[in-house]
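Okay, input_36.txt now, which holds compact mmCIF, C-alpha atoms:
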```
# COMPACT_ATOMS: atom_id res chain seq x y z
CA MET A 147 72.12 82.84 59.44
CA ALA A 148 70.93 79.35 58.58
CA GLN A 149 73.92 77.81 60.41
CA LEU A 150 73.16 79.89 63.52
CA LEU A 151 69.49 78.91 63.51
CA ALA A 152 70.35 75.24 62.92
CA GLY A 153 72.91 75.23 65.74
CA GLU A 154 75.85 74.53 63.42
CA ALA A 155 77.38 77.90 64.42
CA ASN A 156 77.16 79.64 67.77
CA PHE A 157 76.06 83.15 68.72
CA SER A 158 78.74 85.29 70.39
CA GLY A 159 77.77 88.92 69.81
CA LYS A 160 77.30 91.42 72.66
CA LEU A 161 75.12 94.54 72.79
CA PRO A 162 77.08 97.82 72.55
CA VAL A 163 74.00 99.66 73.89
CA GLN A 164 71.34 99.12 76.55
CA ILE A 165 67.77 98.30 75.45
CA PRO A 166 64.99 99.66 77.71
CA ILE A 167 61.84 97.73 78.58
CA THR A 168 59.54 100.74 78.04
CA PRO A 169 59.93 104.20 76.47
CA GLY A 170 59.87 105.63 79.99
CA GLY A 171 62.62 103.31 81.17
CA GLN A 172 65.34 105.94 81.26
CA PRO A 173 68.29 106.07 81.37
CA TYR A 174 69.16 104.26 78.13
CA THR A 175 72.83 103.98 79.07
CA TYR A 176 74.58 101.88 81.69
CA LEU A 177 76.75 104.92 82.51
CA HIS A 178 74.02 106.62 84.53
CA ALA A 179 74.47 108.22 87.93
CA PRO A 180 73.37 106.33 91.09
CA LEU A 181 70.18 108.41 91.46
CA ALA A 182 69.02 107.15 88.04
CA ASP A 183 69.04 103.56 89.31
CA ARG A 184 65.87 101.89 90.57
CA GLN A 185 64.63 104.36 93.22
CA SER A 186 60.97 103.75 94.00
CA TRP A 187 60.77 106.89 96.17
CA LEU A 188 61.83 109.11 93.26
CA SER A 189 59.88 107.66 90.36
CA ASN A 190 57.31 105.00 89.55
CA LEU A 191 59.13 104.19 86.29
CA ASP A 192 61.43 101.18 86.35
CA PRO A 193 64.75 101.89 84.53
CA THR A 194 65.77 98.19 84.60
CA PRO A 195 66.69 97.38 80.99
CA ALA A 196 65.19 94.58 78.93
CA PHE A 197 68.73 93.84 77.76
CA PRO A 198 71.72 95.47 79.50
CA PHE A 199 74.92 96.76 77.93
CA GLY A 200 77.13 93.80 77.01
CA HIS A 201 74.25 91.29 76.89
CA GLY A 202 74.49 88.37 74.46
CA LEU A 203 73.22 84.83 73.97
CA SER A 204 74.92 81.53 73.20
CA TYR A 205 74.01 77.89 72.76
CA THR A 206 76.41 77.02 75.57
CA PRO A 207 76.64 78.39 79.14
CA PHE A 208 79.78 80.00 80.53
CA GLU A 209 80.95 80.57 84.09
CA ILE A 210 83.13 83.50 85.13
CA ASP A 211 84.76 83.20 88.55
CA GLU A 212 87.94 83.49 90.61
CA LEU A 213 88.61 87.22 90.25
CA ALA A 214 92.03 88.18 91.61
CA VAL A 215 93.83 91.52 91.83
CA ASP A 216 97.63 91.50 91.97
CA ARG A 217 97.82 94.27 94.60
CA GLU A 218 95.56 95.99 97.10
CA LEU A 219 97.26 99.40 97.22
CA VAL A 220 97.95 101.14 93.91
CA PRO A 221 99.69 104.54 93.49
CA VAL A 222 97.53 107.14 91.71
CA ASP A 223 100.13 106.99 88.91
CA GLY A 224 100.46 103.20 88.92
CA GLU A 225 99.19 100.02 87.33
CA PHE A 226 97.47 96.85 88.48
CA THR A 227 96.36 93.55 86.97
CA VAL A 228 92.97 91.92 87.36
CA ALA A 229 92.50 88.26 86.45
CA ALA A 230 89.29 86.25 86.08
CA ARG A 231 88.65 82.67 85.00
CA VAL A 232 86.11 81.81 82.29
CA ARG A 233 84.87 78.27 81.67
CA ASN A 234 82.66 76.72 78.99
CA THR A 235 80.37 74.54 81.11
CA GLY A 236 78.22 73.37 78.20
CA GLU A 237 78.45 70.72 75.52
CA VAL A 238 79.28 72.79 72.42
CA ALA A 239 82.07 75.19 71.53
CA GLY A 240 81.42 78.89 71.95
CA ALA A 241 82.89 82.31 72.67
CA GLU A 242 82.33 84.47 75.73
CA THR A 243 83.27 88.12 76.12
CA VAL A 244 84.66 88.70 79.62
CA GLN A 245 84.03 92.30 80.70
CA LEU A 246 85.77 94.22 83.48
CA TYR A 247 83.97 97.14 85.16
CA ALA A 248 85.10 99.76 87.68
CA ILE A 249 82.93 101.44 90.32
CA ASP A 250 84.02 104.60 92.14
CA PRO A 251 81.66 104.72 95.16
CA VAL A 252 82.97 107.98 96.70
CA ALA A 253 84.31 110.83 94.57
CA GLN A 254 84.24 114.63 94.54
CA VAL A 255 81.73 114.52 91.65
CA THR A 256 79.00 112.01 90.83
CA ARG A 257 80.42 109.02 88.98
CA PRO A 258 78.58 106.41 86.87
CA VAL A 259 77.30 103.34 88.73
CA ARG A 260 79.93 101.41 86.74
CA SER A 261 82.17 101.93 83.73
CA LEU A 262 83.73 99.43 81.36
CA LEU A 263 87.52 99.16 81.71
CA GLY A 264 88.23 96.39 79.22
CA PHE A 265 86.97 93.20 77.62
CA ALA A 266 88.23 90.06 75.90
CA LYS A 267 86.42 87.61 73.65
CA VAL A 268 87.55 84.05 74.41
CA THR A 269 86.66 81.00 72.30
CA LEU A 270 86.41 77.81 74.33
CA GLU A 271 85.72 74.16 73.61
CA PRO A 272 83.32 72.27 75.92
CA GLY A 273 84.90 71.98 79.38
CA GLU A 274 87.81 74.25 78.45
CA GLN A 275 88.80 77.19 80.65
CA ALA A 276 91.06 80.22 80.41
CA THR A 277 92.33 83.01 82.63
CA VAL A 278 91.84 86.54 81.30
CA ARG A 279 94.22 89.20 82.63
CA PHE A 280 93.46 92.92 82.35
CA HIS A 281 96.49 95.21 82.73
CA VAL A 282 95.02 98.52 83.94
CA HIS A 283 96.82 101.86 84.24
CA THR A 284 95.24 104.37 86.64
CA ASP A 285 94.78 106.78 83.70
CA ARG A 286 91.69 104.67 82.94
CA LEU A 287 90.20 105.78 86.29
CA ALA A 288 90.58 109.51 85.60
CA PHE A 289 87.58 111.84 85.58
CA ALA A 290 86.79 115.56 85.44
CA GLY A 291 86.87 116.87 89.02
CA LEU A 292 85.25 119.90 90.64
CA GLY A 293 87.90 122.20 89.20
CA GLY A 294 87.13 121.10 85.65
CA ARG A 295 90.48 119.29 85.29
CA ARG A 296 90.89 115.59 84.61
CA ILE A 297 92.26 113.95 87.76
CA VAL A 298 92.97 110.60 89.39
CA GLU A 299 91.70 110.74 92.96
CA PRO A 300 92.85 108.53 95.85
CA GLY A 301 90.27 106.22 97.33
CA GLU A 302 88.60 102.84 96.94
CA ILE A 303 87.75 101.45 93.50
CA LEU A 304 85.48 98.42 93.25
CA LEU A 305 86.04 95.96 90.41
CA GLU A 306 83.51 93.58 88.85
CA ALA A 307 83.85 91.04 86.03
CA GLY A 308 81.16 89.21 84.12
CA SER A 309 79.31 88.75 80.86
CA SER A 310 77.32 92.02 80.85
CA SER A 311 76.98 95.24 82.84
CA LEU A 312 74.29 93.61 85.04
CA ASP A 313 75.76 90.10 85.16
CA THR A 314 78.97 90.52 87.16
CA PRO A 315 79.30 87.52 89.49
CA VAL A 316 82.85 88.21 90.71
CA ARG A 317 84.12 91.25 92.59
CA GLY A 318 87.30 92.71 94.01
CA ALA A 319 88.71 96.08 95.08
CA ILE A 320 91.81 98.23 95.10
CA ARG A 321 92.70 101.41 96.95
CA LEU A 322 94.37 104.26 95.09
CA VAL A 323 96.95 105.91 97.35
CA GLY A 324 98.90 109.15 97.17
CA GLU A 325 98.00 112.75 96.37
CA GLU A 326 95.37 113.71 93.81
CA ARG A 327 97.06 113.53 90.39
CA ASP A 328 96.55 115.82 87.41
CA ALA A 329 95.66 113.61 84.45
CA THR A 330 94.97 116.28 81.85
CA VAL A 331 97.14 114.36 79.41
CA LEU A 332 96.23 110.67 79.37
CA ARG A 333 99.12 108.38 78.49
CA GLN A 334 97.31 105.05 78.65
CA HIS A 335 94.02 104.95 76.73
CA ALA A 336 93.66 101.19 76.36
CA VAL A 337 93.63 98.23 78.73
CA PRO A 338 95.87 95.47 77.32
CA VAL A 339 94.44 92.00 77.80
CA SER A 340 96.15 88.62 77.82
CA VAL A 341 94.47 85.19 77.74
CA GLU A 342 96.09 82.15 79.32
CA ARG A 343 94.53 78.78 78.58
CA ALA A 344 94.64 76.05 81.21
```

Rewrite the structure from the file as structure tokens, please.
Amino acid sequence: MAQLLAGEANFSGKLPVQIPITPGGQPYTYLHAPLADRQSWLSNLDPTPAFPFGHGLSYTPFEIDELAVDRELVPVDGEFTVAARVRNTGEVAGAETVQLYAIDPVAQVTRPVRSLLGFAKVTLEPGEQATVRFHVHTDRLAFAGLGGRRIVEPGEILLEAGSSSLDTPVRGAIRLVGEERDATVLRQHAVPVSVERA
């Protein structure tokens, strides 16, 4: 603790929860439905969190940019890779956790405004950069449909990467193609991540 406060060590933790500004600032989770977002015509309570999911501080600033997806069209039983660059733009060493989120804007049931697909903590020296690659199977995009079964549905999926659920400066998209797929049994639960240093 003394080393952190003296600046001899660097903070790198991230919040696994969302912290509200006020007791009425529901929802407390970043996985809320679109209608629970800031909607002044529905409620006078502001749900904007004091600290969002994935938030964390450091003595050095980081920049996340250059998001790239290896393909635009992905079969509903396929895989794709998302890459993003992270750079330490400060003067001291530190670690940043690059987070990848998915957004399903049109689905047969209401989906969360965004959901975490994967993350990677990368330690960087001042001026150093790295490319983080997320290898995503479409099983990670499955959800319970109207029939009560877990499915992967064709359609557009938006992708965002950043340092928290509300700090996602880079965006991309894929389109799932094919027939609706039954995903009752998930084969891929994790998103493997690889880090390539420049």

Quote the spacing between CA of Val337 in chain A and CA of His283 in chain A in Å to one decimal place.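 Interatomic distance, CA of Val337 in chain A to CA of His283 in chain A: 7.3 Å.
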
Do you know which residues are at most 10 Å from range 160-162 of chain A counting only C-alpha atoms, after dropping those on the same chain fewer than 4 positions away, and could you put them as an mmCIF file with C-alpha atoms, in the coordinates of the input?
```cif
data_model
loop_
_atom_site.group_PDB
_atom_site.id
_atom_site.type_symbol
_atom_site.label_atom_id
_atom_site.label_comp_id
_atom_site.auth_asym_id
_atom_site.auth_seq_id
_atom_site.Cartn_x
_atom_site.Cartn_y
_atom_site.Cartn_z
ATOM 1 C CA THR A 175 72.830 103.980 79.070
ATOM 2 C CA PHE A 197 68.730 93.840 77.760
ATOM 3 C CA PRO A 198 71.720 95.470 79.500
ATOM 4 C CA PHE A 199 74.920 96.760 77.930
ATOM 5 C CA GLY A 200 77.130 93.800 77.010
ATOM 6 C CA HIS A 201 74.250 91.290 76.890
ATOM 7 C CA GLY A 202 74.490 88.370 74.460
ATOM 8 C CA LEU A 203 73.220 84.830 73.970
ATOM 9 C CA GLU A 242 82.330 84.470 75.730
ATOM 10 C CA THR A 243 83.270 88.120 76.120
ATOM 11 C CA LYS A 267 86.420 87.610 73.650
ATOM 12 C CA SER A 309 79.310 88.750 80.860
ATOM 13 C CA SER A 310 77.320 92.020 80.850
#
```

Nearest candidate to Glu209 in chain A (options A:Arg233, A:Glu225, A:Gly240, A:Glu274; using all atoms listed in the file): A:Arg233

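You will find CA of Arg217 in chain A at 29.6 Å from CA of Thr235 in chain A.
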
Non-local contacts of Ala196 in chain A (6 Å; all atoms listed in the file; under 5 positions in same chain excluded) as a compact mmCIF listing (two decimals) with C-alpha atoms, in the coordinates of the input:
```txt
# COMPACT_ATOMS: atom_id res chain seq x y z
CA ILE A 165 67.77 98.30 75.45
CA PRO A 166 64.99 99.66 77.71
CA ILE A 167 61.84 97.73 78.58
```

Between CA of Glu306 in chain A and CA of Ile249 in chain A, what is the distance in Å, rounded to a tenth?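 So the two atoms, CA of Glu306 in chain A and CA of Ile249 in chain A, lie 8.0 Å apart.
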
Closest atom pairs, residues of range 216-257 of chain A within 10 Å of range 318-326 of chain A, only C-alpha atoms, as CSV:
```
residue,atom,partner,partner_atom,distance
A:Asp216,CA,A:Ile320,CA,9.4
A:Arg217,CA,A:Ile320,CA,7.2
A:Glu218,CA,A:Ile320,CA,4.8
A:Leu219,CA,A:Arg321,CA,5.0
A:Val220,CA,A:Leu322,CA,4.9
A:Pro221,CA,A:Val323,CA,4.9
A:Val222,CA,A:Leu322,CA,5.5
A:Asp223,CA,A:Gly324,CA,8.6
A:Gly224,CA,A:Leu322,CA,8.7
A:Phe226,CA,A:Ile320,CA,8.8
A:Val228,CA,A:Gly318,CA,8.8
A:Ala248,CA,A:Ala319,CA,9.0
A:Ile249,CA,A:Ala319,CA,9.2
```

Using only C-alpha atoms for the distances, tell me which of A:Val215, A:Leu191, A:Leu287, A:Leu304 is nearest to Leu332 in chain A.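 Smallest distance to Leu332 in chain A is found for A:Leu287.
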
With all atoms listed in the file as the basis for distance, which of A:Pro258, A:Gly159, A:Gly291, A:Gly308 is at the shortest distance from Val232 in chain A?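 Of A:Pro258, A:Gly159, A:Gly291, A:Gly308, the one nearest Val232 in chain A is A:Gly308, counting all atoms listed in the file.
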
Using all atoms listed in the file, determine which residues lie at most 10 Å from Pro180 in chain A, disregarding the query and same-chain residues fewer than 6 positions distant; provide the list as a PyMOL selection string. chain A and resi 251+256-260
